[in-house]
file work.cif (mmCIF, C-alpha atoms)
data_query
loop_
_atom_site.label_atom_id
_atom_site.label_comp_id
_atom_site.auth_asym_id
_atom_site.auth_seq_id
_atom_site.Cartn_x
_atom_site.Cartn_y
_atom_site.Cartn_z
CA MET S 11 1.38 -18.46 6.99
CA ASP S 12 -1.20 -15.74 6.65
CA LYS S 13 -1.31 -13.17 9.39
CA PRO S 14 -4.65 -13.04 11.14
CA THR S 15 -6.73 -9.94 10.66
CA VAL S 16 -6.24 -7.37 13.38
CA CYS S 17 -9.96 -7.16 14.03
CA MET S 18 -12.72 -9.72 13.93
CA PHE S 19 -16.41 -9.05 13.47
CA ALA S 20 -19.24 -10.65 15.38
CA GLY S 21 -23.00 -10.42 15.00
CA TYR S 22 -25.81 -10.18 17.54
CA VAL S 23 -27.86 -13.29 18.22
CA SER S 24 -31.26 -12.67 19.84
CA GLU S 25 -32.64 -14.62 22.75
CA ALA S 26 -34.71 -16.63 20.26
CA GLY S 27 -31.55 -17.47 18.30
CA GLY S 28 -32.07 -15.05 15.41
CA ARG S 29 -28.91 -13.79 13.76
CA LEU S 30 -30.48 -10.42 13.17
CA ILE S 31 -27.54 -8.47 11.71
CA GLN S 32 -26.38 -11.38 9.62
CA ASP S 33 -29.88 -11.72 8.16
CA TRP S 34 -30.02 -8.00 7.49
CA TYR S 35 -26.60 -8.05 5.80
CA ASP S 36 -27.41 -11.14 3.75
CA GLY S 37 -30.60 -9.45 2.59
CA LEU S 38 -28.90 -6.29 1.32
CA PRO S 39 -28.79 -5.78 -2.44
CA GLU S 40 -25.65 -7.37 -3.83
CA GLU S 41 -23.89 -4.10 -4.71
CA GLU S 42 -24.56 -2.66 -1.24
CA ARG S 43 -23.29 -5.81 0.43
CA ASP S 44 -20.15 -5.55 -1.71
CA GLU S 45 -19.53 -2.02 -0.45
CA VAL S 46 -19.91 -3.13 3.16
CA LYS S 47 -17.64 -6.11 2.48
CA ASP S 48 -14.90 -3.91 0.98
CA THR S 49 -15.10 -1.47 3.88
CA LEU S 50 -14.89 -4.24 6.49
CA ASN S 51 -11.97 -5.75 4.61
CA TYR S 52 -9.98 -2.53 4.92
CA LEU S 53 -10.99 -1.96 8.53
CA ALA S 54 -9.99 -5.49 9.45
CA SER S 55 -6.51 -4.79 8.12
CA LEU S 56 -5.88 -1.93 10.52
CA PRO S 57 -5.78 -1.81 14.32
CA PRO S 58 -9.07 -0.27 15.53
CA ALA S 59 -7.07 2.60 17.05
CA GLN S 60 -6.43 3.71 13.47
CA TRP S 61 -10.04 3.56 12.36
CA ARG S 62 -11.27 6.99 11.34
CA ARG S 63 -14.22 8.87 9.99
CA PRO S 64 -16.07 8.64 7.70
CA GLU S 65 -16.22 4.83 7.76
CA PHE S 66 -15.89 4.67 11.54
CA ASP S 67 -17.39 7.06 14.03
CA LYS S 68 -17.59 7.20 17.80
CA LEU S 69 -21.14 7.78 18.98
CA ASP S 70 -22.34 8.22 22.55
CA PRO S 71 -20.32 5.67 24.55
CA PRO S 72 -20.12 2.77 24.23
CA LEU S 73 -21.69 2.81 20.78
CA HIS S 74 -19.74 3.09 17.52
CA GLU S 75 -20.82 3.27 13.92
CA ILE S 76 -19.29 1.63 10.89
CA GLY S 77 -20.57 3.01 7.65
CA CYS S 78 -20.02 3.16 3.96
CA LYS S 79 -21.52 4.89 1.02
CA ALA S 80 -23.53 2.75 -1.33
CA ASN S 81 -22.44 4.48 -4.50
CA ALA S 82 -25.14 3.06 -6.70
CA LYS S 83 -27.87 4.38 -4.39
CA ASN S 84 -25.97 7.39 -3.10
CA HIS S 85 -26.81 6.78 0.52
CA TRP S 86 -25.10 5.53 3.67
CA ILE S 87 -25.26 2.08 5.12
CA ARG S 88 -24.74 2.14 8.87
CA ILE S 89 -23.94 -0.59 11.33
CA TYR S 90 -23.99 0.24 15.04
CA GLY S 91 -21.90 -1.85 17.39
CA VAL S 92 -19.46 -2.04 20.26
CA PHE S 93 -16.02 -3.46 20.92
CA ASP S 94 -16.19 -6.72 22.83
CA LYS S 95 -15.13 -6.08 26.42
CA ASN S 96 -14.04 -9.67 26.80
CA GLN S 97 -12.08 -10.07 23.59
CA ARG S 98 -9.65 -7.48 22.32
CA GLY S 99 -9.99 -6.67 18.61
CA ARG S 100 -13.52 -8.02 18.29
CA PHE S 101 -16.28 -5.72 17.12
CA ILE S 102 -19.88 -6.76 17.69
CA PHE S 103 -22.53 -5.62 15.22
CA LEU S 104 -25.78 -4.77 17.00
CA TYR S 105 -27.97 -3.02 14.47
CA GLY S 106 -27.79 -2.31 10.76
CA ASN S 107 -29.54 0.36 8.77
CA GLY S 108 -29.48 0.79 5.02
CA GLY S 109 -32.30 3.33 4.93
CA LYS S 110 -32.03 5.93 2.24
CA LYS S 111 -32.84 9.11 4.13
CA VAL S 112 -31.60 8.46 7.62
CA LYS S 113 -29.63 11.42 8.97
CA ASN S 114 -29.84 10.93 12.70
CA ASP S 115 -30.97 7.40 13.33
CA LYS S 116 -32.14 7.67 16.94
CA PRO S 117 -34.40 4.59 16.81
CA GLY S 118 -31.52 2.53 15.38
CA LYS S 119 -29.14 3.64 18.11
CA ARG S 120 -31.76 2.94 20.79
CA ASN S 121 -32.28 -0.49 19.32
CA ALA S 122 -28.51 -1.15 19.37
CA LEU S 123 -28.28 -0.09 23.01
CA ALA S 124 -31.22 -2.30 23.96
CA ARG S 125 -29.54 -5.25 22.31
CA LEU S 126 -26.29 -4.44 24.08
CA SER S 127 -28.15 -4.48 27.37
CA LEU S 128 -29.53 -7.94 26.59
CA LEU S 129 -26.01 -9.11 25.74
CA GLU S 130 -24.68 -7.81 29.03
CA GLN S 131 -27.48 -9.55 30.90
CA GLY S 132 -26.55 -12.81 29.21
CA LYS S 133 -29.92 -13.00 27.47
CA ALA S 134 -28.42 -12.72 24.01
CA ARG S 135 -25.27 -14.05 22.34
CA THR S 136 -22.91 -13.29 19.51
CA HIS S 137 -21.70 -15.31 16.55
CA GLU S 138 -18.83 -15.02 14.12
CA PHE S 139 -20.06 -12.70 11.40
CA VAL S 140 -19.96 -14.21 7.92
CA ILE S 141 -18.67 -11.53 5.56
CA GLU S 142 -18.66 -13.79 2.56
CA LYS S 143 -20.61 -16.97 2.21
CA ARG S 144 -18.43 -19.93 1.32
CA PRO S 145 -19.58 -22.11 -1.55
CA ALA S 146 -21.55 -25.14 -0.39
CA MET G 8 -5.17 -11.71 5.70
CA SER G 9 -7.93 -10.55 3.42
CA LEU G 10 -11.55 -11.16 4.34
CA LEU G 11 -12.29 -11.59 0.65
CA SER G 12 -11.80 -14.96 -0.98
CA ARG G 13 -10.62 -15.46 -4.53
CA ASN G 14 -13.76 -17.45 -5.29
CA GLY G 15 -15.99 -14.66 -4.03
CA LEU G 16 -14.11 -12.06 -6.05
CA ARG G 17 -14.15 -14.29 -9.11
CA ASN G 18 -17.94 -14.55 -8.88
CA ARG G 19 -18.16 -10.82 -8.37
CA ILE G 20 -16.20 -9.88 -11.50
CA ARG G 21 -18.16 -12.41 -13.52
CA ARG G 22 -21.37 -10.50 -12.81
CA GLY G 23 -20.52 -8.09 -15.59
CA ARG G 24 -18.58 -5.02 -16.61
CA GLU G 25 -20.50 -2.75 -14.24
CA ALA G 26 -19.71 -4.97 -11.26
CA ARG G 27 -16.05 -4.99 -12.26
CA ALA G 28 -15.98 -1.22 -12.52
CA ARG G 29 -17.59 -0.94 -9.07
CA LEU G 30 -15.01 -3.27 -7.56
CA VAL G 31 -12.17 -1.13 -8.88
CA GLU G 32 -13.83 2.12 -7.84
CA SER G 33 -14.58 0.88 -4.34
CA ASN G 34 -11.13 -0.51 -3.68
CA LEU G 35 -9.20 2.26 -5.41
CA GLU G 36 -10.81 4.96 -3.31
CA LYS G 37 -10.68 3.02 -0.06
CA GLY G 38 -7.17 1.79 -0.79
CA ILE G 39 -5.71 5.24 -1.38
CA ALA G 40 -7.49 6.75 1.61
CA PHE G 41 -6.49 3.98 4.01
CA GLN G 42 -2.91 3.86 2.72
CA ILE G 43 -2.29 7.57 3.13
CA ARG G 44 -3.78 7.57 6.64
CA ALA G 45 -1.93 4.45 7.78
CA THR G 46 1.41 5.52 6.29
CA ARG G 47 1.08 8.99 7.76
CA ASP G 48 0.25 7.47 11.16
CA ARG G 49 3.21 5.12 10.87
CA GLN G 50 5.50 8.10 10.32
CA GLY G 51 3.93 10.03 13.19
CA MET G 52 2.79 12.87 10.94
CA THR G 53 -0.32 14.94 11.35
CA GLN G 54 -2.45 15.89 8.37
CA ALA G 55 -1.09 19.43 8.66
CA GLU G 56 2.51 18.23 8.63
CA LEU G 57 1.91 16.01 5.61
CA ALA G 58 0.15 18.87 3.85
CA GLU G 59 3.06 21.20 4.52
CA THR G 60 5.65 18.67 3.34
CA ALA G 61 3.60 17.96 0.22
CA GLY G 62 3.06 21.64 -0.45
CA MET G 63 -0.71 21.49 -0.35
CA GLY G 64 -3.49 22.58 1.98
CA GLN G 65 -4.63 20.42 4.90
CA ASN G 66 -8.10 20.28 3.29
CA ASN G 67 -6.54 18.58 0.28
CA VAL G 68 -4.93 15.93 2.46
CA SER G 69 -8.18 15.47 4.34
CA ARG G 70 -10.04 14.93 1.05
CA LEU G 71 -7.41 12.46 -0.18
CA GLU G 72 -7.84 10.51 3.04
CA SER G 73 -11.58 10.17 2.50
CA PRO G 74 -12.77 7.04 0.70
CA GLU G 75 -15.62 9.10 -0.70
CA TYR G 76 -13.45 11.61 -2.52
CA GLY G 77 -12.78 9.85 -5.80
CA LYS G 78 -11.15 12.76 -7.65
CA HIS G 79 -7.49 12.06 -7.09
CA THR G 80 -5.01 13.44 -9.57
CA MET G 81 -1.68 11.90 -10.48
CA SER G 82 -0.05 15.15 -9.48
CA SER G 83 -1.44 15.11 -5.94
CA LEU G 84 -0.65 11.42 -5.48
CA LYS G 85 2.95 11.99 -6.60
CA ARG G 86 3.28 14.86 -4.14
CA ILE G 87 1.91 12.72 -1.31
CA ALA G 88 4.22 9.84 -2.24
CA ASP G 89 7.18 12.19 -2.27
CA ALA G 90 6.19 13.72 1.07
CA LEU G 91 5.87 10.25 2.65
CA ASP G 92 9.03 9.08 0.87
CA VAL G 93 7.36 6.02 -0.60
CA ALA G 94 7.08 4.75 -4.16
CA LEU G 95 3.93 5.17 -6.18
CA VAL G 96 2.64 2.58 -8.64
CA VAL G 97 -0.21 3.34 -11.00
CA ARG G 98 -0.77 0.66 -13.57
CA PHE G 99 -3.36 -1.41 -15.38
CA VAL G 100 -3.43 -5.06 -14.41
CA PRO G 101 -5.28 -8.14 -15.59
CA TRP G 102 -8.35 -9.12 -13.56
CA SER G 103 -6.74 -12.37 -12.44
CA GLN G 104 -3.90 -10.40 -10.91
CA TYR G 105 -6.29 -7.94 -9.31
CA ILE G 106 -8.37 -10.58 -7.55
CA ASP G 107 -5.23 -12.42 -6.51
CA TRP G 108 -4.01 -9.24 -4.87
CA LEU G 109 -7.34 -8.40 -3.22
CA SER G 110 -7.68 -11.91 -1.83
CA GLY G 111 -4.05 -12.19 -0.78
CA THR G 112 -3.35 -15.05 -3.18
CA PRO G 113 0.39 -15.43 -3.90
CA ARG G 114 1.36 -14.78 -7.49
CA PHE G 115 4.44 -14.86 -9.67
CA ASP G 116 5.37 -11.37 -10.82
CA ARG G 117 7.70 -11.39 -13.80
CA GLY G 118 8.16 -7.63 -13.78
CA LEU G 119 8.22 -5.64 -16.96
CA THR G 120 7.19 -7.98 -19.77
CA ALA G 121 5.20 -7.67 -22.98
CA ASP G 122 2.19 -9.10 -21.12
CA ALA G 123 2.55 -6.53 -18.38
CA LEU G 124 2.35 -3.76 -20.95
CA ALA G 125 -0.32 -5.16 -23.27
CA VAL G 126 -2.73 -6.16 -20.51
CA PRO G 127 -5.18 -8.94 -21.40
CA SER G 128 -8.86 -8.02 -21.01
CA PHE G 129 -11.37 -9.88 -18.87
CA GLU G 130 -12.63 -11.76 -21.93
CA ASP G 131 -9.07 -12.75 -22.92
CA GLU G 132 -8.35 -14.03 -19.45
CA GLU G 133 -11.67 -15.80 -19.06
CA GLY G 134 -11.08 -17.54 -22.37
CA ALA G 135 -7.65 -18.66 -21.23
CA GLY G 136 -8.99 -19.99 -17.93
CA LEU G 137 -6.97 -17.51 -15.87
CA ILE G 138 -9.99 -16.16 -14.00
CA GLU G 139 -11.03 -19.65 -12.94
CA GLU G 140 -7.68 -20.82 -11.65
CA GLY G 141 -5.35 -18.86 -9.43
CA GLN G 142 -1.96 -18.56 -11.10
CA LEU G 143 0.02 -20.07 -8.28
CA GLN G 144 -2.64 -21.44 -5.98
CA ASN G 145 -1.23 -24.91 -6.20
CA LEU G 146 2.28 -23.74 -5.35
CA ILE G 147 1.31 -22.02 -2.13
CA PRO G 148 2.61 -24.83 0.11
CA GLN G 149 6.00 -24.55 -1.58
CA ILE G 150 6.13 -20.81 -1.18
CA LEU G 151 5.08 -21.01 2.44
CA LEU G 152 7.71 -23.60 3.18
CA GLY G 153 10.32 -21.36 1.61
CA VAL G 154 11.63 -24.25 -0.41
CA SER G 155 13.81 -23.36 -3.35
CA ILE G 156 12.33 -24.72 -6.52
CA ASP G 157 14.41 -27.06 -8.57
CA VAL G 158 12.19 -28.61 -11.16
CA GLN G 159 13.00 -30.40 -14.33
CA LEU G 160 10.44 -31.42 -16.88
CA SER G 161 10.65 -34.97 -18.08
CA VAL G 162 9.46 -35.80 -21.57
CA GLY G 163 8.79 -39.46 -20.92
CA THR G 164 8.57 -42.07 -18.23
CA VAL G 165 11.79 -42.16 -16.30
CA ARG G 166 13.07 -45.44 -14.96
CA ASN G 167 10.81 -47.79 -13.08
CA ASN G 168 7.53 -45.86 -13.44
CA THR G 169 8.56 -43.56 -10.64
CA TYR G 170 7.42 -40.59 -12.66
CA PHE G 171 4.45 -40.01 -14.88
CA THR G 172 4.88 -38.98 -18.48
CA GLY G 173 5.22 -35.24 -18.69
CA MET G 174 5.33 -34.87 -14.94
CA PRO G 175 7.80 -32.43 -13.46
CA ILE G 176 10.41 -34.22 -11.39
CA THR G 177 13.00 -33.04 -8.93
CA TYR G 178 16.52 -33.76 -7.81
CA GLY G 179 18.52 -32.82 -4.79
CA GLN G 180 17.32 -31.78 -1.37
CA PRO G 181 14.71 -30.77 -0.54
CA GLN G 182 12.30 -32.15 -3.12
CA PRO G 183 9.50 -29.63 -3.36
CA LEU G 184 7.33 -31.74 -5.62
CA GLN G 185 7.42 -34.54 -3.10
CA ILE G 186 6.38 -32.08 -0.42
CA LEU G 187 3.61 -30.84 -2.68
CA ALA G 188 2.55 -34.38 -3.48
CA ASN G 189 2.40 -35.23 0.21
CA LEU G 190 0.43 -32.11 1.00
CA SER G 191 -2.01 -32.57 -1.84
CA GLY G 192 -2.19 -36.33 -1.43
CA SER G 193 -1.74 -36.91 -5.14
CA SER G 194 1.30 -36.85 -7.40
CA GLU G 195 -0.98 -36.60 -10.40
CA SER G 196 -2.66 -33.47 -9.10
CA VAL G 197 0.77 -31.93 -8.54
CA SER G 198 1.66 -32.71 -12.13
CA ALA G 199 -1.61 -31.25 -13.38
CA SER G 200 -1.28 -28.17 -11.24
CA LEU G 201 2.18 -27.37 -12.54
CA THR G 202 1.33 -27.85 -16.21
CA PRO G 203 -0.08 -24.32 -16.66
CA PHE G 204 3.16 -22.91 -15.30
CA GLN G 205 5.50 -24.63 -17.71
CA SER G 206 6.15 -21.34 -19.43
CA TYR G 207 7.59 -20.01 -16.20
CA ILE G 208 9.73 -23.00 -15.55
CA PRO G 209 12.50 -22.21 -18.06
CA ILE G 210 12.94 -18.85 -16.37
CA ALA G 211 12.58 -19.78 -12.75
CA MET G 212 13.04 -23.44 -12.30
CA ASN G 213 16.20 -24.57 -13.98
CA PRO G 214 14.94 -26.91 -16.69
CA THR G 215 16.85 -29.82 -18.03
CA THR G 216 16.22 -32.12 -20.94
CA TYR G 217 15.32 -35.78 -20.86
CA GLU G 218 18.86 -36.67 -21.89
CA GLU G 219 20.35 -34.61 -19.10
CA ILE G 220 18.03 -36.24 -16.60
CA HIS G 221 19.21 -39.67 -17.74
CA ALA G 222 22.83 -38.60 -17.59
CA ARG G 223 22.37 -37.54 -13.97
CA GLN G 224 20.81 -40.79 -12.91
#

call {"tool": "encode", "arguments": {"input": "work.cif", "output": "structure tokens"}}
result
Amino acid sequence: MDKPTVCMFAGYVSEAGGRLIQDWYDGLPEEERDEVKDTLNYLASLPPAQWRRPEFDKLDPPLHEIGCKANAKNHWIRIYGVFDKNQRGRFIFLYGNGGKKVKNDKPGKRNALARLSLLEQGKARTHEFVIEKRPA
Amino acid sequence: MSLLSRNGLRNRIRRGREARARLVESNLEKGIAFQIRATRDRQGMTQAELAETAGMGQNNVSRLESPEYGKHTMSSLKRIADALDVALVVRFVPWSQYIDWLSGTPRFDRGLTADALAVPSFEDEEGAGLIEEGQLQNLIPQILLGVSIDVQLSVGTVRNNTYFTGMPITYGQPQPLQILANLSGSSESVSASLTPFQSYIPIAMNPTTYEEIHARQ
């Protein structure tokens, strides 16, 4: 049988039930979504301890960044998130940014931390992130 | 297990030549970078140690380990392979094989053949239906069960309608086609799924003629 991936990805669900990161990801241009998909595919094949820059970066604790270059647009796509404290090998996406000229995305990081706080208070949830939509 | 499905990749390469080129570029660069890093980690080597063994600067190794680099040379890859004591394969492959590999779909590899050298293009493969259907998708249960394949092709109905005309049949224990039929719920679908692989059967599956089948019964 297939081996499971060594890391799973989850997305933030707001108090109102919005799958905010999933919606952001689904709304990316196709070629940018493909780049993110390829990057996550490689990351999921390695234990997180082996994740490295440039596609993975440790920010101010507990935040991390997963990123990839969108070659067609020549800019970075960033997803801020944290490792799930309750489930080893599960990374939770909190905020995504595909902005073209974002060097130091302070608002994005603040937003991610605010969402993390809501998660920790039990006011928000997570869901299994859908990397690739299955045919209906 | 890959996060990418064969269906998703199939749709992706059907978007056009540019999308196919992007798929290769993205996965080639990420693949090389991740492989060098992971193999080096596995061997407990630092970048500096790998660089020294490969006879290159640490900056070079660092660049090769970046998925953004994209300017690898055969020479540097051969040096890295030698330093890590692993084999290096650089070859052109058909798209069907590529998406099978990326999606983790099992596939028959017949090694060095005329087809492996004169690689069919996307259009050739699309025309032959090889992009649509995974080469061995319908044999996965057999492969997973580790059952040795012992298939004979019948050329007509054998005995009391037990077998369909042209359907592959089996003898001995275990009977992989029976297992496949049970798993798929349909003997006919098993027959249909094996038909594209008849060309492999003489090589891998011990064919016998109709007369031989009768003689054994």

call {"tool": "resolve_selection", "arguments": {"input": "work.cif", "expression": "the PyMOL selection byres ((chain G) within 12 of (chain S))", "output": "compact mmCIF listing (two decimals) with C-alpha atoms, keeping the file's coordinate frame"}}
result
# COMPACT_ATOMS: atom_id res chain seq x y z
CA MET G 8 -5.17 -11.71 5.70
CA SER G 9 -7.93 -10.55 3.42
CA LEU G 10 -11.55 -11.16 4.34
CA LEU G 11 -12.29 -11.59 0.65
CA SER G 12 -11.80 -14.96 -0.98
CA ARG G 13 -10.62 -15.46 -4.53
CA ASN G 14 -13.76 -17.45 -5.29
CA GLY G 15 -15.99 -14.66 -4.03
CA LEU G 16 -14.11 -12.06 -6.05
CA ASN G 18 -17.94 -14.55 -8.88
CA ARG G 19 -18.16 -10.82 -8.37
CA ILE G 20 -16.20 -9.88 -11.50
CA ARG G 22 -21.37 -10.50 -12.81
CA GLU G 25 -20.50 -2.75 -14.24
CA ALA G 26 -19.71 -4.97 -11.26
CA ARG G 27 -16.05 -4.99 -12.26
CA ALA G 28 -15.98 -1.22 -12.52
CA ARG G 29 -17.59 -0.94 -9.07
CA LEU G 30 -15.01 -3.27 -7.56
CA VAL G 31 -12.17 -1.13 -8.88
CA GLU G 32 -13.83 2.12 -7.84
CA SER G 33 -14.58 0.88 -4.34
CA ASN G 34 -11.13 -0.51 -3.68
CA LEU G 35 -9.20 2.26 -5.41
CA GLU G 36 -10.81 4.96 -3.31
CA LYS G 37 -10.68 3.02 -0.06
CA GLY G 38 -7.17 1.79 -0.79
CA ILE G 39 -5.71 5.24 -1.38
CA ALA G 40 -7.49 6.75 1.61
CA PHE G 41 -6.49 3.98 4.01
CA GLN G 42 -2.91 3.86 2.72
CA ILE G 43 -2.29 7.57 3.13
CA ARG G 44 -3.78 7.57 6.64
CA ALA G 45 -1.93 4.45 7.78
CA THR G 46 1.41 5.52 6.29
CA ARG G 47 1.08 8.99 7.76
CA ASP G 48 0.25 7.47 11.16
CA ARG G 49 3.21 5.12 10.87
CA SER G 69 -8.18 15.47 4.34
CA ARG G 70 -10.04 14.93 1.05
CA GLU G 72 -7.84 10.51 3.04
CA SER G 73 -11.58 10.17 2.50
CA PRO G 74 -12.77 7.04 0.70
CA GLU G 75 -15.62 9.10 -0.70
CA TYR G 76 -13.45 11.61 -2.52
CA GLY G 77 -12.78 9.85 -5.80
CA LEU G 109 -7.34 -8.40 -3.22
CA SER G 110 -7.68 -11.91 -1.83
CA GLY G 111 -4.05 -12.19 -0.78
CA THR G 112 -3.35 -15.05 -3.18
CA PRO G 113 0.39 -15.43 -3.90
CA ILE G 147 1.31 -22.02 -2.13
CA PRO G 148 2.61 -24.83 0.11
CA GLN G 149 6.00 -24.55 -1.58
CA ILE G 150 6.13 -20.81 -1.18
CA LEU G 151 5.08 -21.01 2.44
CA LEU G 152 7.71 -23.60 3.18
CA GLY G 153 10.32 -21.36 1.61

call {"tool": "residues_around", "arguments": {"input": "work.cif", "residues": "Gln65 in chain G", "least_positions_apart": "5", "cutoff": "9 Å", "atoms": "all atoms listed in the file", "output": "PyMOL selection string"}}
result
chain G and resi 54-59+70

call {"tool": "atom_distance", "arguments": {"input": "work.cif", "atom1": "CA of Gln32 in chain S", "atom2": "CA of Trp108 in chain G"}}
result
26.7 Å

call {"tool": "closest_residue", "arguments": {"input": "work.cif", "among": "S:Gly106, S:Gly28, S:Tyr22, S:Asn114", "to": "Arg43 in chain S", "atoms": "only C-alpha atoms"}}
result
S:Gly106

call {"tool": "atom_distance", "arguments": {"input": "work.cif", "atom1": "CA of Phe139 in chain S", "atom2": "CA of Asp67 in chain S"}}
result
20.1 Å

call {"tool": "residues_around", "arguments": {"input": "work.cif", "residues": "range 128-137 of chain S", "least_positions_apart": "5", "cutoff": "6 Å", "atoms": "all atoms listed in the file", "output": "list in words"}}
result
Ala20, Gly21, Tyr22, Val23, Ser24 and Glu25 of chain S

call {"tool": "atom_distance", "arguments": {"input": "work.cif", "atom1": "CA of Ala59 in chain S", "atom2": "CA of Gly77 in chain S"}}
result
16.5 Å

call {"tool": "closest_residue", "arguments": {"input": "work.cif", "among": "S:Asn96, S:Gly108, S:Lys68, S:Ile102", "to": "Leu38 in chain S", "atoms": "all atoms listed in the file"}}
result
S:Gly108

call {"tool": "residues_around", "arguments": {"input": "work.cif", "residues": "Arg100 in chain S", "least_positions_apart": "4", "cutoff": "6 Å", "atoms": "all atoms listed in the file", "output": "PyMOL selection string"}}
result
chain S and resi 17-19+93-94

call {"tool": "write_last_selection", "arguments": {"input": "work.cif", "atoms": "C-alpha atoms", "output": "PDB file, keeping the file's coordinate frame"}}
result
ATOM      1  CA  CYS S  17      -9.960  -7.160  14.030  1.00  0.00           C
ATOM      2  CA  MET S  18     -12.720  -9.720  13.930  1.00  0.00           C
ATOM      3  CA  PHE S  19     -16.410  -9.050  13.470  1.00  0.00           C
ATOM      4  CA  PHE S  93     -16.020  -3.460  20.920  1.00  0.00           C
ATOM      5  CA  ASP S  94     -16.190  -6.720  22.830  1.00  0.00           C
TER       6      ASP S  94
END

call {"tool": "residues_near_point", "arguments": {"input": "work.cif", "point": "(-25.4, 6.3, 26.1)", "cutoff": "10 Å", "atoms": "only C-alpha atoms", "output": "number ranges by chain"}}
result
S: 69-73, 119-120, 123

call {"tool": "resolve_selection", "arguments": {"input": "work.cif", "expression": "the PyMOL selection byres ((chain G and resi 104) around 10)", "output": "list of chain:residue names"}}
result
G:Val100, G:Pro101, G:Trp102, G:Ser103, G:Tyr105, G:Ile106, G:Asp107, G:Trp108, G:Leu109, G:Ser110, G:Thr112, G:Pro113, G:Arg114, G:Phe115, G:Asp116, G:Leu137, G:Ile138, G:Gly141, G:Gln142
